[in-house]
>>> print(open('target-v8.pdb').read())   # PDB, C-alpha atoms
ATOM      1  CA  MET L 291      23.778 -10.698   3.682
ATOM      2  CA  SER L 292      21.375  -8.540   5.694
ATOM      3  CA  THR L 293      20.220  -9.905   9.028
ATOM      4  CA  LEU L 294      16.832  -9.266  10.645
ATOM      5  CA  ASP L 295      15.362 -10.691  13.830
ATOM      6  CA  VAL L 296      12.338 -12.964  13.619
ATOM      7  CA  HIS L 297       9.833 -12.423  16.452
ATOM      8  CA  ASN L 298       7.150 -14.662  17.856
ATOM      9  CA  ARG L 299       3.625 -13.590  18.774
ATOM     10  CA  SER L 300       4.854 -12.362  22.165
ATOM     11  CA  GLY L 301       7.508 -10.130  20.624
ATOM     12  CA  ASP L 302      10.453 -12.306  21.685
ATOM     13  CA  VAL L 303      13.298 -12.821  19.227
ATOM     14  CA  LEU L 304      13.396 -16.428  18.029
ATOM     15  CA  HIS L 305      16.347 -16.292  15.662
ATOM     16  CA  ALA L 306      18.071 -14.141  13.064
ATOM     17  CA  LYS L 307      17.062 -14.288   9.417
ATOM     18  CA  GLU L 308      19.626 -13.619   6.695
ATOM     19  CA  LEU L 309      18.371 -11.944   3.534
ATOM     20  CA  ALA L 310      20.257 -11.343   0.306
ATOM     21  CA  ASN L 311      21.736  -7.873  -0.135
ATOM     22  CA  THR L 312      20.360  -7.765  -3.680
ATOM     23  CA  PHE L 313      16.904  -7.943  -2.126
ATOM     24  CA  THR L 314      17.137  -5.592   0.861
ATOM     25  CA  ASP L 315      19.908  -3.190  -0.242
ATOM     26  CA  ALA L 316      18.877  -2.681  -3.851
ATOM     27  CA  GLU L 317      18.965   0.833  -5.289
ATOM     28  CA  VAL L 318      15.719   2.695  -4.664
ATOM     29  CA  ASN L 319      14.364   4.038  -7.955
ATOM     30  CA  GLY L 320      12.162   6.974  -6.898
ATOM     31  CA  PRO L 321      10.818   7.902 -10.361
ATOM     32  CA  VAL L 322       9.653   4.334 -11.000
ATOM     33  CA  ILE L 323       7.942   4.184  -7.595
ATOM     34  CA  HIS L 324       6.193   7.467  -8.398
ATOM     35  CA  GLN L 325       5.082   6.183 -11.801
ATOM     36  CA  CYS L 326       3.645   3.000 -10.263
ATOM     37  CA  VAL L 327       1.771   4.907  -7.539
ATOM     38  CA  VAL L 328       0.296   7.412 -10.016
ATOM     39  CA  ALA L 329      -0.810   4.579 -12.324
ATOM     40  CA  TYR L 330      -2.351   2.653  -9.414
ATOM     41  CA  LEU L 331      -4.369   5.654  -8.231
ATOM     42  CA  ALA L 332      -5.462   6.462 -11.783
ATOM     43  CA  ASN L 333      -6.658   2.888 -12.259
ATOM     44  CA  GLN L 334      -8.842   3.169  -9.154
ATOM     45  CA  ARG L 335     -10.879   5.974 -10.724
ATOM     46  CA  GLN L 336     -14.284   4.948 -12.037
ATOM     47  CA  GLY L 337     -14.437   7.649 -14.692
ATOM     48  CA  SER L 338     -18.230   7.723 -14.382
ATOM     49  CA  ALA L 339     -18.724  11.508 -14.051
ATOM     50  CA  SER L 340     -21.300  12.539 -16.634
ATOM     51  CA  THR L 341     -23.207  15.694 -17.613
ATOM     52  CA  LYS L 342     -25.984  16.273 -20.139
ATOM     53  CA  THR L 343     -25.178  18.322 -23.205
ATOM     54  CA  ARG L 344     -27.756  20.431 -25.060
ATOM     55  CA  SER L 345     -28.680  17.363 -27.083
ATOM     56  CA  ASP L 346     -29.451  15.324 -23.927
ATOM     57  CA  VAL L 347     -31.688  17.656 -21.903
ATOM     58  CA  LYS L 348     -35.448  17.670 -22.268
ATOM     59  CA  GLY L 349     -36.914  20.683 -24.042
ATOM     60  CA  SER L 350     -38.200  22.060 -27.313
ATOM     61  CA  GLY L 351     -35.935  23.093 -30.152
ATOM     62  CA  ARG L 352     -38.280  25.914 -31.138
ATOM     63  CA  LYS L 353     -36.818  29.418 -31.295
ATOM     64  CA  LEU L 354     -38.095  31.193 -28.180
ATOM     65  CA  TYR L 355     -38.939  34.482 -29.876
ATOM     66  CA  ARG L 356     -38.279  36.202 -33.133
ATOM     67  CA  GLN L 357     -34.771  37.263 -34.096
ATOM     68  CA  LYS L 358     -35.419  41.003 -34.543
ATOM     69  CA  GLY L 359     -37.718  43.708 -33.329
ATOM     70  CA  THR L 360     -37.973  42.841 -29.622
ATOM     71  CA  GLY L 361     -34.996  44.836 -28.367
ATOM     72  CA  ARG L 362     -33.683  41.742 -26.645
ATOM     73  CA  ALA L 363     -30.629  39.656 -27.427
ATOM     74  CA  ARG L 364     -31.090  37.049 -30.095
ATOM     75  CA  VAL L 365     -31.615  33.576 -28.639
ATOM     76  CA  GLY L 366     -32.033  30.038 -29.894
ATOM     77  CA  HIS L 367     -33.875  27.222 -28.173
ATOM     78  CA  ALA L 368     -34.301  26.572 -24.440
ATOM     79  CA  LYS L 369     -31.645  23.834 -24.311
ATOM     80  CA  SER L 370     -28.820  26.301 -24.880
ATOM     81  CA  PRO L 371     -26.029  26.035 -22.248
ATOM     82  CA  ILE L 372     -26.420  29.712 -21.309
ATOM     83  CA  ARG L 373     -30.028  29.246 -20.166
ATOM     84  CA  VAL L 374     -31.371  27.819 -16.901
ATOM     85  CA  HIS L 375     -32.109  24.102 -17.234
ATOM     86  CA  GLY L 376     -30.145  24.020 -20.452
ATOM     87  CA  GLY L 377     -27.373  21.609 -21.326
ATOM     88  CA  VAL L 378     -23.821  21.785 -19.952
ATOM     89  CA  ALA L 379     -21.046  22.964 -22.234
ATOM     90  CA  PHE L 380     -17.715  21.106 -22.015
ATOM     91  CA  GLY L 381     -18.815  19.105 -18.953
ATOM     92  CA  PRO L 382     -17.242  15.760 -17.953
ATOM     93  CA  GLN L 383     -18.218  12.642 -19.854
ATOM     94  CA  PRO L 384     -17.596   8.978 -18.943
ATOM     95  CA  ARG L 385     -14.022   8.023 -19.753
ATOM     96  CA  SER L 386     -11.278   5.612 -18.754
ATOM     97  CA  TYR L 387      -8.358   6.922 -16.695
ATOM     98  CA  ARG L 388      -6.513   3.623 -16.937
ATOM     99  CA  GLN L 389      -2.734   3.757 -17.320
ATOM    100  CA  TYR L 390      -0.781   0.790 -18.602
ATOM    101  CA  THR L 391       2.435   0.044 -16.741
ATOM    102  CA  PRO L 392       4.783  -2.596 -18.161
ATOM    103  CA  LYS L 393       5.366  -5.666 -16.020
ATOM    104  CA  ARG L 394       9.097  -4.986 -15.635
ATOM    105  CA  VAL L 395       8.386  -1.463 -14.426
ATOM    106  CA  ARG L 396       5.859  -2.725 -11.854
ATOM    107  CA  ARG L 397       8.345  -5.341 -10.709
ATOM    108  CA  LEU L 398      11.150  -2.806 -10.345
ATOM    109  CA  GLY L 399       8.829  -0.406  -8.522
ATOM    110  CA  LEU L 400       7.785  -3.027  -5.971
ATOM    111  CA  HIS L 401      11.389  -4.137  -5.447
ATOM    112  CA  SER L 402      12.460  -0.518  -4.893
ATOM    113  CA  ALA L 403       9.603   0.141  -2.467
ATOM    114  CA  LEU L 404      10.438  -2.947  -0.401
ATOM    115  CA  ALA L 405      14.147  -2.092  -0.407
ATOM    116  CA  ASP L 406      13.298   1.399   0.851
ATOM    117  CA  ARG L 407      11.337  -0.052   3.770
ATOM    118  CA  PHE L 408      14.127  -2.494   4.668
ATOM    119  CA  GLN L 409      16.815   0.182   4.488
ATOM    120  CA  ASN L 410      14.795   2.474   6.780
ATOM    121  CA  GLN L 411      14.140  -0.259   9.368
ATOM    122  CA  GLN L 412      10.406  -0.204   8.697
ATOM    123  CA  CYS L 413      10.039  -3.978   8.337
ATOM    124  CA  VAL L 414       9.349  -6.438  11.147
ATOM    125  CA  LEU L 415       9.658 -10.191  10.639
ATOM    126  CA  VAL L 416       7.373 -12.528  12.580
ATOM    127  CA  GLU L 417       7.062 -16.270  12.700
ATOM    128  CA  ASP L 418       4.312 -17.880  10.685
ATOM    129  CA  PHE L 419       1.162 -17.992  12.755
ATOM    130  CA  THR L 420      -2.534 -18.704  12.501
ATOM    131  CA  LEU L 421      -5.543 -17.857  14.632
ATOM    132  CA  GLU L 422      -7.992 -20.521  15.727
ATOM    133  CA  ARG L 423     -10.813 -18.033  15.362
ATOM    134  CA  PRO L 424     -11.166 -14.360  14.384
ATOM    135  CA  ARG L 425     -10.317 -12.166  17.356
ATOM    136  CA  THR L 426      -9.347  -8.521  17.024
ATOM    137  CA  LYS L 427      -7.841  -8.397  20.530
ATOM    138  CA  ASP L 428      -5.339 -11.125  19.641
ATOM    139  CA  MET L 429      -4.140  -9.205  16.580
ATOM    140  CA  ILE L 430      -3.810  -5.980  18.591
ATOM    141  CA  ASN L 431      -1.688  -7.819  21.159
ATOM    142  CA  ILE L 432       0.557  -9.255  18.435
ATOM    143  CA  LEU L 433       1.073  -5.865  16.767
ATOM    144  CA  ASN L 434       1.821  -4.221  20.109
ATOM    145  CA  ALA L 435       4.249  -7.006  21.015
ATOM    146  CA  VAL L 436       6.334  -6.474  17.871
ATOM    147  CA  ASN L 437       6.083  -2.669  18.281
ATOM    148  CA  ALA L 438       4.394  -2.055  14.924
ATOM    149  CA  GLN L 439       3.914   1.717  14.726
ATOM    150  CA  GLY L 440       1.700   3.928  12.562
ATOM    151  CA  LYS L 441      -0.084   2.474   9.567
ATOM    152  CA  VAL L 442       0.661  -1.245   9.485
ATOM    153  CA  LEU L 443       0.528  -3.729   6.610
ATOM    154  CA  LEU L 444       0.613  -7.412   7.534
ATOM    155  CA  ILE L 445       2.030  -9.482   4.661
ATOM    156  CA  LEU L 446       1.178 -13.207   4.747
ATOM    157  CA  ASP L 447       2.560 -16.110   2.749
ATOM    158  CA  GLU L 448      -1.014 -17.157   1.895
ATOM    159  CA  PRO L 449      -4.520 -15.757   2.528
ATOM    160  CA  ASN L 450      -5.878 -16.441   6.008
ATOM    161  CA  GLN L 451      -9.541 -15.692   6.633
ATOM    162  CA  ASN L 452      -9.250 -15.536  10.423
ATOM    163  CA  ILE L 453      -6.440 -12.978  10.245
ATOM    164  CA  HIS L 454      -8.317 -10.913   7.638
ATOM    165  CA  LEU L 455     -11.391 -10.804   9.875
ATOM    166  CA  SER L 456      -9.303  -9.997  12.950
ATOM    167  CA  VAL L 457      -7.697  -6.852  11.495
ATOM    168  CA  ARG L 458     -10.620  -5.349   9.600
ATOM    169  CA  ASN L 459     -11.806  -3.344  12.624
ATOM    170  CA  ILE L 460      -8.349  -2.049  13.559
ATOM    171  CA  PRO L 461      -7.834   1.479  12.172
ATOM    172  CA  LYS L 462      -4.959   1.857   9.693
ATOM    173  CA  VAL L 463      -4.071  -1.842   9.784
ATOM    174  CA  ASN L 464      -4.409  -3.919   6.614
ATOM    175  CA  VAL L 465      -3.438  -7.402   5.496
ATOM    176  CA  CYS L 466      -2.567  -8.972   2.150
ATOM    177  CA  ALA L 467      -0.831 -12.007   0.690
ATOM    178  CA  TRP L 468       2.712 -11.623  -0.617
ATOM    179  CA  ASN L 469       1.702 -12.268  -4.238
ATOM    180  CA  THR L 470      -0.977  -9.528  -4.252
ATOM    181  CA  LEU L 471       1.327  -6.839  -2.844
ATOM    182  CA  ASN L 472       1.630  -3.599  -4.828
ATOM    183  CA  VAL L 473       3.768  -0.462  -4.660
ATOM    184  CA  TYR L 474       1.003   1.778  -3.329
ATOM    185  CA  GLN L 475       0.355  -0.518  -0.361
ATOM    186  CA  VAL L 476       4.039  -0.581   0.563
ATOM    187  CA  MET L 477       4.452   3.192   0.341
ATOM    188  CA  TRP L 478       1.175   4.100   2.105
ATOM    189  CA  HIS L 479       1.955   2.077   5.230
ATOM    190  CA  ASP L 480       4.577   3.065   7.796
ATOM    191  CA  THR L 481       5.465  -0.448   8.973
ATOM    192  CA  LEU L 482       5.488  -3.785   7.179
ATOM    193  CA  VAL L 483       4.955  -6.849   9.352
ATOM    194  CA  ILE L 484       6.031  -9.807   7.216
ATOM    195  CA  THR L 485       5.776 -13.478   8.073
ATOM    196  CA  GLU L 486       8.928 -15.548   7.687
ATOM    197  CA  LYS L 487       7.592 -17.633   4.790
ATOM    198  CA  ALA L 488       6.315 -14.503   3.012
ATOM    199  CA  VAL L 489       9.711 -12.789   3.161
ATOM    200  CA  GLU L 490      11.350 -15.950   1.813
ATOM    201  CA  LYS L 491       8.997 -15.928  -1.160
ATOM    202  CA  LEU L 492       9.584 -12.223  -1.781
ATOM    203  CA  GLU L 493      13.329 -12.752  -1.556
ATOM    204  CA  SER L 494      13.245 -15.587  -4.071
ATOM    205  CA  LYS L 495      11.238 -13.357  -6.410
ATOM    206  CA  PHE L 496      13.460 -10.272  -6.243
ATOM    207  CA  ALA L 497      16.925 -11.311  -5.007
ATOM    208  CA  ASN L 498      18.221 -12.163  -8.467
ATOM    209  CA  THR L 499      16.529  -9.395 -10.450
ATOM    210  CA  GLY L 500      18.810  -6.465  -9.566
ATOM    211  CA  SER L 501      20.992  -6.744 -12.674
ATOM    212  CA  GLU L 502      17.989  -7.544 -14.876
ATOM    213  CA  ALA L 503      16.087  -4.442 -13.702
ATOM    214  CA  GLU L 504      19.062  -2.176 -14.366
ATOM    215  CA  GLY L 505      19.534  -3.494 -17.911
TER     216      GLY L 505
END
>>> encode(input="target-v8.pdb", output="structure tokens")
Amino acid sequence: MSTLDVHNRSGDVLHAKELANTFTDAEVNGPVIHQCVVAYLANQRQGSASTKTRSDVKGSGRKLYRQKGTGRARVGHAKSPIRVHGGVAFGPQPRSYRQYTPKRVRRLGLHSALADRFQNQQCVLVEDFTLERPRTKDMINILNAVNAQGKVLLILDEPNQNIHLSVRNIPKVNVCAWNTLNVYQVMWHDTLVITEKAVEKLESKFANTGSEAEG
């Protein structure tokens, strides 16, 4: 069993939390993490870049001047891609960049990413807490008390509107619920601040999947 300290809002250690080795010390599968991150970023692309081809631009299809006898190069109509205000040849068109990632691969990627953060001491456990009202100063004090460094992701056991509103003006600090967590979020942030109930739910989800993921 791996043991981590659980802190309160003031940064004091309340008690030690034991987590299953199959959850925190699982093998980190780098290629799967990379695949999940690439797929996530690809799926964020709108794919809305669009250019007008020679059939889309406004203009006449009449031949500009006769084929022979002028001494000039032969030319077709004004919408040709080689002319000013003509269409674009081989320009981007709307398309989907979406990549499908199987559920087992996404699951293994998230488990590997979390294990990497636990093994590198980049996870901080805090007691479950709520805020009576949104207040950015309170969240800053909590993060400073638990010594959360760099880009911080606060993982909750359930959505909390007051906490979401309290962190939205803090640079490089984000918040999400445990069941909406993805590989990109884990890898982009330097420190994960996880509530005690959230880490219990994550442990129950991944602690017994080590052998299944390897098969």
>>> atom_distance(input="target-v8.pdb", atom1="CA of Leu400 (chain L)", atom2="CA of Val473 (chain L)")
4.9 Å
>>> closest_residue(input="target-v8.pdb", among="L:Gln383, L:Val436, L:Cys413, L:Asn431", to="Val303 (chain L)", atoms="all atoms listed in the file")
L:Val436
>>> residues_around(input="target-v8.pdb", residues="region 456-471 of chain L", least_positions_apart="4", cutoff="9 Å", atoms="only C-alpha atoms", output="PyMOL selection string")
chain L and resi 400+421+423-430+440-452+475-476+479+484+488-489+491-492
>>> axis_aligned_box(input="target-v8.pdb", around="region 303-306 of chain L", padding_each_side="8 Å", output="lines of an AutoDock Vina configuration file")
center_x = 15.7
center_y = -14.6
center_z = 16.1
size_x = 20.8
size_y = 19.6
size_z = 22.2
>>> resolve_selection(input="target-v8.pdb", expression="the PyMOL selection byres ((chain L and resi 387) around 6)", output="number ranges by chain")
L: 332, 386, 388
>>> residues_around(input="target-v8.pdb", residues="Gln389 (chain L)", least_positions_apart="2", cutoff="12 Å", atoms="only C-alpha atoms", output="list in words")
Gln325, Cys326, Val327, Val328, Ala329, Tyr330, Leu331, Ala332, Asn333, Gln334, Arg335, Ser386, Tyr387, Thr391 and Pro392 of chain L
>>> closest_residue(input="target-v8.pdb", among="L:Glu422, L:Asp480, L:Glu490, L:Asp406", to="Ile323 (chain L)", atoms="all atoms listed in the file")
L:Asp406
>>> atom_distance(input="target-v8.pdb", atom1="CA of His305 (chain L)", atom2="CA of His401 (chain L)")
24.9 Å
>>> closest_residue(input="target-v8.pdb", among="L:Glu486, L:Glu493, L:Asp315, L:Glu308", to="Val414 (chain L)", atoms="all atoms listed in the file")
L:Glu486
>>> build_atoms(input="target-v8.pdb", residues="region 413-427 of chain L", atoms="N, CA and C atoms", output="mmCIF file, keeping the file's coordinate frame")
data_model
loop_
_atom_site.group_PDB
_atom_site.id
_atom_site.type_symbol
_atom_site.label_atom_id
_atom_site.label_comp_id
_atom_site.auth_asym_id
_atom_site.auth_seq_id
_atom_site.Cartn_x
_atom_site.Cartn_y
_atom_site.Cartn_z
ATOM 1 N N CYS L 413 10.548 -2.629 8.527
ATOM 2 C CA CYS L 413 10.039 -3.978 8.337
ATOM 3 C C CYS L 413 10.271 -4.797 9.602
ATOM 4 N N VAL L 414 9.259 -5.552 9.987
ATOM 5 C CA VAL L 414 9.349 -6.438 11.147
ATOM 6 C C VAL L 414 9.016 -7.847 10.678
ATOM 7 N N LEU L 415 9.900 -8.804 11.014
ATOM 8 C CA LEU L 415 9.658 -10.191 10.639
ATOM 9 C C LEU L 415 9.047 -10.937 11.824
ATOM 10 N N VAL L 416 8.021 -11.730 11.545
ATOM 11 C CA VAL L 416 7.373 -12.528 12.580
ATOM 12 C C VAL L 416 7.301 -13.972 12.104
ATOM 13 N N GLU L 417 7.213 -14.869 13.057
ATOM 14 C CA GLU L 417 7.062 -16.270 12.700
ATOM 15 C C GLU L 417 5.700 -16.491 12.053
ATOM 16 N N ASP L 418 5.595 -17.549 11.306
ATOM 17 C CA ASP L 418 4.312 -17.880 10.685
ATOM 18 C C ASP L 418 3.327 -18.291 11.771
ATOM 19 N N PHE L 419 2.145 -17.704 11.711
ATOM 20 C CA PHE L 419 1.162 -17.992 12.755
ATOM 21 C C PHE L 419 -0.235 -18.037 12.148
ATOM 22 N N THR L 420 -1.123 -18.671 12.879
ATOM 23 C CA THR L 420 -2.534 -18.704 12.501
ATOM 24 C C THR L 420 -3.365 -18.418 13.746
ATOM 25 N N LEU L 421 -4.607 -18.068 13.532
ATOM 26 C CA LEU L 421 -5.543 -17.857 14.632
ATOM 27 C C LEU L 421 -6.626 -18.915 14.556
ATOM 28 N N GLU L 422 -6.960 -19.487 15.707
ATOM 29 C CA GLU L 422 -7.992 -20.521 15.727
ATOM 30 C C GLU L 422 -9.356 -19.961 15.358
ATOM 31 N N ARG L 423 -9.565 -18.700 15.707
ATOM 32 C CA ARG L 423 -10.813 -18.033 15.362
ATOM 33 C C ARG L 423 -10.540 -16.540 15.234
ATOM 34 N N PRO L 424 -11.376 -15.808 14.512
ATOM 35 C CA PRO L 424 -11.166 -14.360 14.384
ATOM 36 C C PRO L 424 -11.278 -13.665 15.739
ATOM 37 N N ARG L 425 -10.283 -12.900 16.096
ATOM 38 C CA ARG L 425 -10.317 -12.166 17.356
ATOM 39 C C ARG L 425 -9.435 -10.928 17.231
ATOM 40 N N THR L 426 -10.071 -9.772 17.213
ATOM 41 C CA THR L 426 -9.347 -8.521 17.024
ATOM 42 C C THR L 426 -8.353 -8.275 18.156
ATOM 43 N N LYS L 427 -8.717 -8.630 19.377
ATOM 44 C CA LYS L 427 -7.841 -8.397 20.530
ATOM 45 C C LYS L 427 -6.519 -9.142 20.377
#
